[in-house]
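Okay, structure first, notes after.
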Amino acid sequence: MEGSTKRSYLLSGVLRCGKPKADGKPCGWGMSGRPRSGVPRYVCPNTPGTNACAGTATNAERTDDHVRDMVLAALESPTFVERLREQDTAGTDLYDDVRADEQELEELARDMGERRTSRKEWMIARQPIEERLERNRASLAKVSRVAVLSGFVGTFEDMQARWKRMNNSQRRAIITACVRSIEVRPADPHKRWDPDRFVFDWVAQG
């Protein structure tokens with residue numbers, strides 16, 4: 001388990017109980033964190049007055065690690081990331097504005113490096129662009145789930161290192177940018193750990 005000593009449950013609500021009901025359809029109830037004998041788990045809650053079946057549970061630490069690895073492996077694929085961006089239409093114009101300002105700053109820095117402009121001229125020109133860029137990045141983060149991936153996506157090893165430095169709110173934002181929900185099917189009693197019981201509903205399907 002990473003992070004603080006007090007357990008915070010990364011995947012509460014993202015995990016959905018996949019135990020079949022009498023009609024054969026999955027329970028579908030959001031799973032929440034609840035320890036048993038000091039071991040953190042995600043469970044379909046036994047809540048009176050709801051349709052939750054209370055019939056599915058999974059070890060929280062191993063589940064968090066498995067979901068992390070699946071998400072990072074998906075983000076390592078340029079095709080997957082491009083599909084995410086194609087579906088993220090809310091921030092299209094802002095993406096273009098942000099990229100244009102980033103390119104303008106790069107050009108200004110190159111001009112100063114090649115002494116085509118003075119440091120004073122560079123500082124005067126840079127300030128309004130940086131202020132606009134900061135505003136647009138903040139706006140993009142509010143309307144676009146994929147914006148949280150900016151600066152995170154890289155090699156699997158790079159993303160692992162960045163993940164370790166994140167808190168659970170930041171990690172959850174990465175996961176929910178990629179995954180709508182994860183169905184947790186009943187455990188196989190003959191297997192100590194079964195990754196195949198987790199069915200991912202990816203935002204960008206292949």
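Ordering of the structure tokens sets the chain letters (A, B, ...); residue numbers start at 1 within each chain; ligands are numbered from 1 in the order shown.
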Mind running region 99-194 of chain A against region 198-205 of chain A at 6 Å and telling me each contacting residue's nearest atom pair with the distance in Å (one decimal), counting only C-alpha atoms, chain and number ascending, as CSV?
residue,atom,partner,partner_atom,distance
A:Cys178,CA,A:Val203,CA,5.3
A:Val179,CA,A:Trp202,CA,4.4
A:Arg180,CA,A:Asp201,CA,5.5
A:Ser181,CA,A:Asp201,CA,5.4
A:Ile182,CA,A:Phe200,CA,4.6
A:Glu183,CA,A:Val199,CA,5.0
A:Val184,CA,A:Phe198,CA,4.9
- Message: Using only C-alpha atoms, which protein or nucleic acid residues come within 8 Å of region 36-46 of chain A? Drop anything in the same chain fewer than 5 positions from it, and give the result as a VMD selection string.
- Response: chain A and resid 7 12 16 to 17 29 to 31 52 to 61
- Query: What lies within 12 Å of Arg171 (chain A) using only C-alpha atoms, ignoring chain neighbours under 3 positions off, as number ranges by chain?
  - Reply: A: 2-3, 8-11, 64-65, 67-68, 71-72, 148-149, 152, 159-160, 162-168, 174-178
- Message: So that I can check the secondary structure, give me every residue of chain A assigned alpha helix (DSSP H) by backbone DSSP, as a VMD selection string.
- Response: chain A and resid 60 to 75 78 to 87 92 to 113 119 to 143 156 to 165 168 to 178
- Item | Nearest residue to Ser139 (chain A) from the set A:His190, A:Asp93, A:Arg197, A:Arg34 (distances using only C-alpha atoms) |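 Of A:His190, A:Asp93, A:Arg197, A:Arg34, the one nearest Ser139 (chain A) is A:Asp93, counting only C-alpha atoms.
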- Which distance in Å separates CA of Arg137 (chain A) and CA of Glu76 (chain A), to one decimal? 23.1 Å
- Message: Please extract the residues of region 24-178 of chain A with a backbone DSSP assignment of strand (DSSP E) and present them as a ChimeraX atom specification.
- Response: /A:32-33,41-43,57-59
- In Å to one decimal, how far is CA of Val153 (chain A) from CA of Pro78 (chain A)?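 Spanning CA of Pro78 (chain A) to CA of Val153 (chain A) is a straight-line distance of 9.4 Å.
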- CA of Glu134 (chain A) and CA of Arg119 (chain A), how far apart in Å?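 Separation of CA of Arg119 (chain A) and CA of Glu134 (chain A): 21.7 Å.
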- Looking at A:Thr63, A:Ser32, A:Asn136, A:Thr155, which one is nearest to Ala100 (chain A), with distances taken over only C-alpha atoms?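 For Ala100 (chain A), the nearest of the given residues is A:Asn136.
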- Task: Pick out the closest residue to Ala187 (chain A) from this set: A:Ser118, A:Gly113, A:Lys19, A:Gly13. Count only C-alpha atoms.
- Result: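 So, comparing all the options, the nearest one is A:Lys19.
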- Item | Counting only C-alpha atoms, the option among A:Lys25, A:Arg116, A:Arg110, A:Arg99 closest to Arg185 (chain A) | A:Lys25
